[in-house]
$ cat my_file-v5.pdb   # PDB, N, CA and C atoms, pLDDT in the B column
MODEL        1
ATOM      1  N   MET A  21     -64.438 -29.087  66.036  1.00 61.00           N
ATOM      2  CA  MET A  21     -63.042 -28.886  65.731  1.00 61.00           C
ATOM      3  C   MET A  21     -62.337 -30.241  65.756  1.00 61.00           C
ATOM      4  N   ALA A  22     -61.550 -30.536  64.710  1.00 67.00           N
ATOM      5  CA  ALA A  22     -60.844 -31.811  64.630  1.00 67.00           C
ATOM      6  C   ALA A  22     -59.726 -31.853  65.665  1.00 67.00           C
ATOM      7  N   ARG A  23     -59.564 -33.007  66.240  1.00 75.00           N
ATOM      8  CA  ARG A  23     -58.526 -33.169  67.250  1.00 75.00           C
ATOM      9  C   ARG A  23     -57.174 -33.409  66.575  1.00 75.00           C
ATOM     10  N   GLU A  24     -56.149 -32.765  67.078  1.00 81.00           N
ATOM     11  CA  GLU A  24     -54.812 -32.885  66.514  1.00 81.00           C
ATOM     12  C   GLU A  24     -54.235 -34.261  66.832  1.00 81.00           C
ATOM     13  N   TYR A  25     -53.636 -34.884  65.825  1.00 85.00           N
ATOM     14  CA  TYR A  25     -53.015 -36.195  66.010  1.00 85.00           C
ATOM     15  C   TYR A  25     -51.756 -36.057  66.856  1.00 85.00           C
ATOM     16  N   ARG A  26     -51.573 -36.985  67.755  1.00 86.00           N
ATOM     17  CA  ARG A  26     -50.394 -37.016  68.610  1.00 86.00           C
ATOM     18  C   ARG A  26     -49.731 -38.383  68.485  1.00 86.00           C
ATOM     19  N   ALA A  27     -48.424 -38.383  68.346  1.00 91.00           N
ATOM     20  CA  ALA A  27     -47.672 -39.632  68.331  1.00 91.00           C
ATOM     21  C   ALA A  27     -47.326 -39.994  69.766  1.00 91.00           C
ATOM     22  N   LYS A  28     -47.340 -41.270  70.058  1.00 91.00           N
ATOM     23  CA  LYS A  28     -47.062 -41.723  71.416  1.00 91.00           C
ATOM     24  C   LYS A  28     -45.576 -41.995  71.572  1.00 91.00           C
ATOM     25  N   LEU A  29     -45.039 -41.616  72.721  1.00 90.00           N
ATOM     26  CA  LEU A  29     -43.634 -41.808  73.040  1.00 90.00           C
ATOM     27  C   LEU A  29     -43.532 -42.261  74.487  1.00 90.00           C
ATOM     28  N   SER A  30     -42.809 -43.311  74.716  1.00 93.00           N
ATOM     29  CA  SER A  30     -42.563 -43.775  76.091  1.00 93.00           C
ATOM     30  C   SER A  30     -41.124 -43.450  76.447  1.00 93.00           C
ATOM     31  N   VAL A  31     -40.932 -42.838  77.592  1.00 92.00           N
ATOM     32  CA  VAL A  31     -39.587 -42.496  78.051  1.00 92.00           C
ATOM     33  C   VAL A  31     -39.429 -42.920  79.506  1.00 92.00           C
ATOM     34  N   THR A  32     -38.196 -43.157  79.885  1.00 95.00           N
ATOM     35  CA  THR A  32     -37.871 -43.471  81.275  1.00 95.00           C
ATOM     36  C   THR A  32     -37.026 -42.327  81.802  1.00 95.00           C
ATOM     37  N   VAL A  33     -37.431 -41.767  82.937  1.00 96.00           N
ATOM     38  CA  VAL A  33     -36.712 -40.624  83.510  1.00 96.00           C
ATOM     39  C   VAL A  33     -36.394 -40.892  84.968  1.00 96.00           C
ATOM     40  N   ASP A  34     -35.476 -40.139  85.470  1.00 97.00           N
ATOM     41  CA  ASP A  34     -35.106 -40.180  86.877  1.00 97.00           C
ATOM     42  C   ASP A  34     -36.351 -39.876  87.729  1.00 97.00           C
ATOM     43  N   PRO A  35     -36.526 -40.573  88.850  1.00 97.00           N
ATOM     44  CA  PRO A  35     -37.706 -40.328  89.697  1.00 97.00           C
ATOM     45  C   PRO A  35     -37.856 -38.870  90.135  1.00 97.00           C
ATOM     46  N   ASN A  36     -36.733 -38.206  90.412  1.00 97.00           N
ATOM     47  CA  ASN A  36     -36.826 -36.790  90.804  1.00 97.00           C
ATOM     48  C   ASN A  36     -37.333 -35.931  89.653  1.00 97.00           C
ATOM     49  N   LEU A  37     -36.889 -36.236  88.445  1.00 97.00           N
ATOM     50  CA  LEU A  37     -37.365 -35.501  87.281  1.00 97.00           C
ATOM     51  C   LEU A  37     -38.849 -35.781  87.053  1.00 97.00           C
ATOM     52  N   TYR A  38     -39.255 -37.016  87.253  1.00 97.00           N
ATOM     53  CA  TYR A  38     -40.672 -37.368  87.116  1.00 97.00           C
ATOM     54  C   TYR A  38     -41.518 -36.553  88.103  1.00 97.00           C
ATOM     55  N   GLN A  39     -41.039 -36.427  89.321  1.00 98.00           N
ATOM     56  CA  GLN A  39     -41.768 -35.626  90.319  1.00 98.00           C
ATOM     57  C   GLN A  39     -41.838 -34.162  89.891  1.00 98.00           C
ATOM     58  N   THR A  40     -40.767 -33.655  89.319  1.00 97.00           N
ATOM     59  CA  THR A  40     -40.743 -32.269  88.836  1.00 97.00           C
ATOM     60  C   THR A  40     -41.751 -32.078  87.713  1.00 97.00           C
ATOM     61  N   ILE A  41     -41.768 -33.013  86.768  1.00 97.00           N
ATOM     62  CA  ILE A  41     -42.716 -32.942  85.655  1.00 97.00           C
ATOM     63  C   ILE A  41     -44.143 -32.979  86.183  1.00 97.00           C
ATOM     64  N   THR A  42     -44.399 -33.888  87.096  1.00 97.00           N
ATOM     65  CA  THR A  42     -45.741 -34.032  87.676  1.00 97.00           C
ATOM     66  C   THR A  42     -46.154 -32.754  88.399  1.00 97.00           C
ATOM     67  N   ARG A  43     -45.248 -32.195  89.189  1.00 97.00           N
ATOM     68  CA  ARG A  43     -45.549 -30.969  89.937  1.00 97.00           C
ATOM     69  C   ARG A  43     -45.897 -29.817  88.986  1.00 97.00           C
ATOM     70  N   HIS A  44     -45.087 -29.659  87.937  1.00 96.00           N
ATOM     71  CA  HIS A  44     -45.352 -28.576  86.980  1.00 96.00           C
ATOM     72  C   HIS A  44     -46.666 -28.803  86.233  1.00 96.00           C
ATOM     73  N   ALA A  45     -46.939 -30.047  85.881  1.00 97.00           N
ATOM     74  CA  ALA A  45     -48.183 -30.362  85.172  1.00 97.00           C
ATOM     75  C   ALA A  45     -49.390 -30.045  86.044  1.00 97.00           C
ATOM     76  N   GLU A  46     -49.327 -30.442  87.306  1.00 98.00           N
ATOM     77  CA  GLU A  46     -50.451 -30.165  88.216  1.00 98.00           C
ATOM     78  C   GLU A  46     -50.623 -28.668  88.427  1.00 98.00           C
ATOM     79  N   LYS A  47     -49.520 -27.958  88.607  1.00 97.00           N
ATOM     80  CA  LYS A  47     -49.591 -26.507  88.838  1.00 97.00           C
ATOM     81  C   LYS A  47     -50.179 -25.788  87.625  1.00 97.00           C
ATOM     82  N   ALA A  48     -49.781 -26.210  86.425  1.00 97.00           N
ATOM     83  CA  ALA A  48     -50.250 -25.562  85.196  1.00 97.00           C
ATOM     84  C   ALA A  48     -51.569 -26.144  84.692  1.00 97.00           C
ATOM     85  N   LYS A  49     -52.023 -27.227  85.342  1.00 97.00           N
ATOM     86  CA  LYS A  49     -53.263 -27.904  84.949  1.00 97.00           C
ATOM     87  C   LYS A  49     -53.202 -28.377  83.494  1.00 97.00           C
ATOM     88  N   VAL A  50     -52.073 -29.003  83.170  1.00 97.00           N
ATOM     89  CA  VAL A  50     -51.877 -29.601  81.844  1.00 97.00           C
ATOM     90  C   VAL A  50     -51.334 -31.015  82.047  1.00 97.00           C
ATOM     91  N   SER A  51     -51.276 -31.759  80.957  1.00 95.00           N
ATOM     92  CA  SER A  51     -50.761 -33.127  81.049  1.00 95.00           C
ATOM     93  C   SER A  51     -49.235 -33.125  81.174  1.00 95.00           C
ATOM     94  N   LYS A  52     -48.719 -34.229  81.672  1.00 96.00           N
ATOM     95  CA  LYS A  52     -47.267 -34.396  81.739  1.00 96.00           C
ATOM     96  C   LYS A  52     -46.679 -34.382  80.327  1.00 96.00           C
ATOM     97  N   SER A  53     -47.422 -34.907  79.381  1.00 95.00           N
ATOM     98  CA  SER A  53     -46.963 -34.881  77.990  1.00 95.00           C
ATOM     99  C   SER A  53     -46.751 -33.446  77.516  1.00 95.00           C
ATOM    100  N   ARG A  54     -47.650 -32.572  77.895  1.00 95.00           N
ATOM    101  CA  ARG A  54     -47.539 -31.160  77.501  1.00 95.00           C
ATOM    102  C   ARG A  54     -46.281 -30.529  78.094  1.00 95.00           C
ATOM    103  N   ILE A  55     -45.971 -30.867  79.339  1.00 96.00           N
ATOM    104  CA  ILE A  55     -44.767 -30.346  79.985  1.00 96.00           C
ATOM    105  C   ILE A  55     -43.523 -30.839  79.238  1.00 96.00           C
ATOM    106  N   VAL A  56     -43.503 -32.129  78.893  1.00 95.00           N
ATOM    107  CA  VAL A  56     -42.360 -32.693  78.177  1.00 95.00           C
ATOM    108  C   VAL A  56     -42.243 -32.068  76.785  1.00 95.00           C
ATOM    109  N   GLU A  57     -43.369 -31.889  76.092  1.00 95.00           N
ATOM    110  CA  GLU A  57     -43.342 -31.236  74.774  1.00 95.00           C
ATOM    111  C   GLU A  57     -42.724 -29.845  74.867  1.00 95.00           C
ATOM    112  N   GLU A  58     -43.176 -29.091  75.839  1.00 95.00           N
ATOM    113  CA  GLU A  58     -42.670 -27.725  76.004  1.00 95.00           C
ATOM    114  C   GLU A  58     -41.183 -27.738  76.343  1.00 95.00           C
ATOM    115  N   ALA A  59     -40.765 -28.668  77.192  1.00 95.00           N
ATOM    116  CA  ALA A  59     -39.348 -28.762  77.558  1.00 95.00           C
ATOM    117  C   ALA A  59     -38.501 -29.069  76.329  1.00 95.00           C
ATOM    118  N   ILE A  60     -38.977 -29.955  75.465  1.00 95.00           N
ATOM    119  CA  ILE A  60     -38.231 -30.292  74.253  1.00 95.00           C
ATOM    120  C   ILE A  60     -38.180 -29.098  73.312  1.00 95.00           C
ATOM    121  N   ARG A  61     -39.278 -28.369  73.194  1.00 95.00           N
ATOM    122  CA  ARG A  61     -39.277 -27.167  72.340  1.00 95.00           C
ATOM    123  C   ARG A  61     -38.271 -26.132  72.847  1.00 95.00           C
ATOM    124  N   VAL A  62     -38.252 -25.917  74.150  1.00 94.00           N
ATOM    125  CA  VAL A  62     -37.307 -24.962  74.741  1.00 94.00           C
ATOM    126  C   VAL A  62     -35.873 -25.446  74.534  1.00 94.00           C
ATOM    127  N   TRP A  63     -35.635 -26.737  74.741  1.00 93.00           N
ATOM    128  CA  TRP A  63     -34.303 -27.308  74.536  1.00 93.00           C
ATOM    129  C   TRP A  63     -33.856 -27.115  73.092  1.00 93.00           C
ATOM    130  N   GLU A  64     -34.756 -27.403  72.160  1.00 93.00           N
ATOM    131  CA  GLU A  64     -34.417 -27.273  70.742  1.00 93.00           C
ATOM    132  C   GLU A  64     -34.107 -25.823  70.383  1.00 93.00           C
ATOM    133  N   LYS A  65     -34.915 -24.898  70.881  1.00 91.00           N
ATOM    134  CA  LYS A  65     -34.687 -23.471  70.608  1.00 91.00           C
ATOM    135  C   LYS A  65     -33.330 -23.036  71.170  1.00 91.00           C
ATOM    136  N   ASN A  66     -33.020 -23.462  72.400  1.00 90.00           N
ATOM    137  CA  ASN A  66     -31.738 -23.109  73.014  1.00 90.00           C
ATOM    138  C   ASN A  66     -30.569 -23.748  72.270  1.00 90.00           C
ATOM    139  N   ARG A  67     -30.748 -24.973  71.818  1.00 91.00           N
ATOM    140  CA  ARG A  67     -29.690 -25.669  71.074  1.00 91.00           C
ATOM    141  C   ARG A  67     -29.401 -24.950  69.758  1.00 91.00           C
ATOM    142  N   LEU A  68     -30.461 -24.550  69.049  1.00 89.00           N
ATOM    143  CA  LEU A  68     -30.272 -23.821  67.798  1.00 89.00           C
ATOM    144  C   LEU A  68     -29.588 -22.477  68.035  1.00 89.00           C
ATOM    145  N   ALA A  69     -29.966 -21.807  69.116  1.00 88.00           N
ATOM    146  CA  ALA A  69     -29.339 -20.518  69.443  1.00 88.00           C
ATOM    147  C   ALA A  69     -27.855 -20.717  69.744  1.00 88.00           C
ATOM    148  N   LEU A  70     -27.512 -21.794  70.447  1.00 88.00           N
ATOM    149  CA  LEU A  70     -26.115 -22.073  70.757  1.00 88.00           C
ATOM    150  C   LEU A  70     -25.328 -22.369  69.488  1.00 88.00           C
ATOM    151  N   LEU A  71     -25.906 -23.166  68.595  1.00 87.00           N
ATOM    152  CA  LEU A  71     -25.231 -23.464  67.328  1.00 87.00           C
ATOM    153  C   LEU A  71     -25.021 -22.198  66.505  1.00 87.00           C
ATOM    154  N   ALA A  72     -26.015 -21.327  66.484  1.00 86.00           N
ATOM    155  CA  ALA A  72     -25.894 -20.064  65.751  1.00 86.00           C
ATOM    156  C   ALA A  72     -24.788 -19.209  66.357  1.00 86.00           C
ATOM    157  N   LYS A  73     -24.750 -19.129  67.677  1.00 84.00           N
ATOM    158  CA  LYS A  73     -23.720 -18.338  68.352  1.00 84.00           C
ATOM    159  C   LYS A  73     -22.329 -18.871  68.011  1.00 84.00           C
ATOM    160  N   GLU A  74     -22.173 -20.195  68.072  1.00 85.00           N
ATOM    161  CA  GLU A  74     -20.878 -20.797  67.741  1.00 85.00           C
ATOM    162  C   GLU A  74     -20.490 -20.473  66.298  1.00 85.00           C
ATOM    163  N   GLY A  75     -21.459 -20.542  65.402  1.00 82.00           N
ATOM    164  CA  GLY A  75     -21.191 -20.230  64.001  1.00 82.00           C
ATOM    165  C   GLY A  75     -20.789 -18.786  63.798  1.00 82.00           C
ATOM    166  N   TYR A  76     -21.507 -17.876  64.460  1.00 81.00           N
ATOM    167  CA  TYR A  76     -21.186 -16.457  64.325  1.00 81.00           C
ATOM    168  C   TYR A  76     -19.811 -16.139  64.914  1.00 81.00           C
ATOM    169  N   LEU A  77     -19.460 -16.779  66.028  1.00 79.00           N
ATOM    170  CA  LEU A  77     -18.137 -16.551  66.617  1.00 79.00           C
ATOM    171  C   LEU A  77     -17.034 -17.058  65.690  1.00 79.00           C
ATOM    172  N   LYS A  78     -17.270 -18.199  65.066  1.00 82.00           N
ATOM    173  CA  LYS A  78     -16.289 -18.730  64.118  1.00 82.00           C
ATOM    174  C   LYS A  78     -16.143 -17.795  62.919  1.00 82.00           C
ATOM    175  N   MET A  79     -17.281 -17.301  62.407  1.00 82.00           N
ATOM    176  CA  MET A  79     -17.240 -16.369  61.279  1.00 82.00           C
ATOM    177  C   MET A  79     -16.507 -15.086  61.665  1.00 82.00           C
ATOM    178  N   ALA A  80     -16.732 -14.612  62.884  1.00 80.00           N
ATOM    179  CA  ALA A  80     -16.076 -13.380  63.324  1.00 80.00           C
ATOM    180  C   ALA A  80     -14.567 -13.570  63.378  1.00 80.00           C
ATOM    181  N   ALA A  81     -14.127 -14.728  63.866  1.00 77.00           N
ATOM    182  CA  ALA A  81     -12.692 -15.000  63.926  1.00 77.00           C
ATOM    183  C   ALA A  81     -12.109 -15.077  62.515  1.00 77.00           C
ATOM    184  N   GLU A  82     -12.816 -15.729  61.603  1.00 80.00           N
ATOM    185  CA  GLU A  82     -12.355 -15.811  60.213  1.00 80.00           C
ATOM    186  C   GLU A  82     -12.325 -14.430  59.567  1.00 80.00           C
ATOM    187  N   ASP A  83     -13.357 -13.615  59.846  1.00 80.00           N
ATOM    188  CA  ASP A  83     -13.394 -12.255  59.299  1.00 80.00           C
ATOM    189  C   ASP A  83     -12.228 -11.419  59.820  1.00 80.00           C
ATOM    190  N   ALA A  84     -11.898 -11.573  61.103  1.00 80.00           N
ATOM    191  CA  ALA A  84     -10.781 -10.820  61.682  1.00 80.00           C
ATOM    192  C   ALA A  84      -9.465 -11.246  61.033  1.00 80.00           C
ATOM    193  N   ALA A  85      -9.302 -12.542  60.810  1.00 78.00           N
ATOM    194  CA  ALA A  85      -8.083 -13.033  60.161  1.00 78.00           C
ATOM    195  C   ALA A  85      -7.989 -12.506  58.733  1.00 78.00           C
ATOM    196  N   ASP A  86      -9.111 -12.506  58.024  1.00 79.00           N
ATOM    197  CA  ASP A  86      -9.127 -11.961  56.665  1.00 79.00           C
ATOM    198  C   ASP A  86      -8.772 -10.476  56.668  1.00 79.00           C
ATOM    199  N   ALA A  87      -9.330  -9.735  57.615  1.00 79.00           N
ATOM    200  CA  ALA A  87      -9.058  -8.295  57.689  1.00 79.00           C
ATOM    201  C   ALA A  87      -7.576  -8.042  57.934  1.00 79.00           C
ATOM    202  N   GLU A  88      -6.964  -8.834  58.807  1.00 79.00           N
ATOM    203  CA  GLU A  88      -5.520  -8.683  59.064  1.00 79.00           C
ATOM    204  C   GLU A  88      -4.720  -8.947  57.794  1.00 79.00           C
ATOM    205  N   ALA A  89      -5.101  -9.978  57.054  1.00 79.00           N
ATOM    206  CA  ALA A  89      -4.390 -10.314  55.815  1.00 79.00           C
ATOM    207  C   ALA A  89      -4.557  -9.205  54.781  1.00 79.00           C
ATOM    208  N   TYR A  90      -5.770  -8.683  54.643  1.00 79.00           N
ATOM    209  CA  TYR A  90      -6.023  -7.599  53.690  1.00 79.00           C
ATOM    210  C   TYR A  90      -5.259  -6.343  54.091  1.00 79.00           C
ATOM    211  N   LEU A  91      -5.204  -6.064  55.375  1.00 79.00           N
ATOM    212  CA  LEU A  91      -4.489  -4.888  55.867  1.00 79.00           C
ATOM    213  C   LEU A  91      -3.000  -5.007  55.553  1.00 79.00           C
ATOM    214  N   ALA A  92      -2.437  -6.191  55.782  1.00 77.00           N
ATOM    215  CA  ALA A  92      -1.018  -6.401  55.486  1.00 77.00           C
ATOM    216  C   ALA A  92      -0.753  -6.245  53.988  1.00 77.00           C
ATOM    217  N   ALA A  93      -1.636  -6.799  53.167  1.00 78.00           N
ATOM    218  CA  ALA A  93      -1.470  -6.688  51.709  1.00 78.00           C
ATOM    219  C   ALA A  93      -1.579  -5.235  51.272  1.00 78.00           C
ATOM    220  N   MET A  94      -2.532  -4.515  51.824  1.00 78.00           N
ATOM    221  CA  MET A  94      -2.723  -3.117  51.458  1.00 78.00           C
ATOM    222  C   MET A  94      -1.532  -2.276  51.898  1.00 78.00           C
ATOM    223  N   SER A  95      -0.947  -2.594  53.048  1.00 77.00           N
ATOM    224  CA  SER A  95       0.237  -1.879  53.516  1.00 77.00           C
ATOM    225  C   SER A  95       1.393  -2.063  52.553  1.00 77.00           C
ATOM    226  N   GLU A  96       1.552  -3.305  52.062  1.00 74.00           N
ATOM    227  CA  GLU A  96       2.621  -3.563  51.090  1.00 74.00           C
ATOM    228  C   GLU A  96       2.415  -2.773  49.807  1.00 74.00           C
ATOM    229  N   ILE A  97       1.159  -2.719  49.366  1.00 79.00           N
ATOM    230  CA  ILE A  97       0.843  -1.983  48.137  1.00 79.00           C
ATOM    231  C   ILE A  97       1.136  -0.496  48.321  1.00 79.00           C
ATOM    232  N   LEU A  98       0.751   0.053  49.444  1.00 77.00           N
ATOM    233  CA  LEU A  98       0.946   1.475  49.701  1.00 77.00           C
ATOM    234  C   LEU A  98       2.414   1.839  49.883  1.00 77.00           C
ATOM    235  N   GLU A  99       3.241   0.900  50.349  1.00 78.00           N
ATOM    236  CA  GLU A  99       4.662   1.166  50.553  1.00 78.00           C
ATOM    237  C   GLU A  99       5.396   1.240  49.216  1.00 78.00           C
ATOM    238  N   ASP A 100       4.881   0.600  48.201  1.00 65.00           N
ATOM    239  CA  ASP A 100       5.556   0.577  46.898  1.00 65.00           C
ATOM    240  C   ASP A 100       5.499   1.889  46.201  1.00 65.00           C
TER     241      ASP A 100
ENDMDL
END
$ encode --input "my_file-v5.pdb" --output "structure tokens"
Amino acid sequence: MAREYRAKLSVTVDPNLYQTITRHAEKAKVSKSRIVEEAIRVWEKNRLALLAKEGYLKMAAEDAADAEAYLAAMSEILED
């Protein structure tokens, strides 16, 4: 089986965070790189979910404003 190519990245982190990464890597019996990869994937997924939520809330507010405007227009039409 061909080995998957990995790009190298050097990062500097807080010593406490480094200890946390090391502890999780040892507990899961994986590399520290794997822990960091997974953390970035989770962060990215959460970030996208937050952006989607913000977008949907904005759309909902715009939809509510449109509905109010349509309701007012329809009321005027019905009064005539």
$ residues_around --input "my_file-v5.pdb" --residues "stretch 33-45 of chain A" --least-positions-apart "3" --cutoff "9 Å" --atoms "only C-alpha atoms" --output "JSON, numbers by chain"
{"A": [48, 49, 50, 51, 52, 53, 54, 55, 56]}
$ axis_aligned_box --input "my_file-v5.pdb" --around "stretch 41-60 of chain A" --padding-each-side "6 Å" --output "AutoDock Vina command-line options"
--center_x -45.7 --center_y -30.2 --center_z 81.6 --size_x 27.1 --size_y 21.3 --size_z 28.6
$ atom_distance --input "my_file-v5.pdb" --atom1 "atom C of A:Lys28" --atom2 "atom C of A:Leu71"
29.0 Å
$ atom_distance --input "my_file-v5.pdb" --atom1 "atom N of A:Ser95" --atom2 "atom C of A:Asp83"
15.8 Å
$ atom_distance --input "my_file-v5.pdb" --atom1 "atom CA of A:Glu88" --atom2 "atom N of A:Glu74"
22.2 Å
$ select_by_dssp --input "my_file-v5.pdb" --residues "chain A" --states "helix (DSSP H, G or I)" --output "PyMOL selection string"
chain A and resi 35-48+52-99
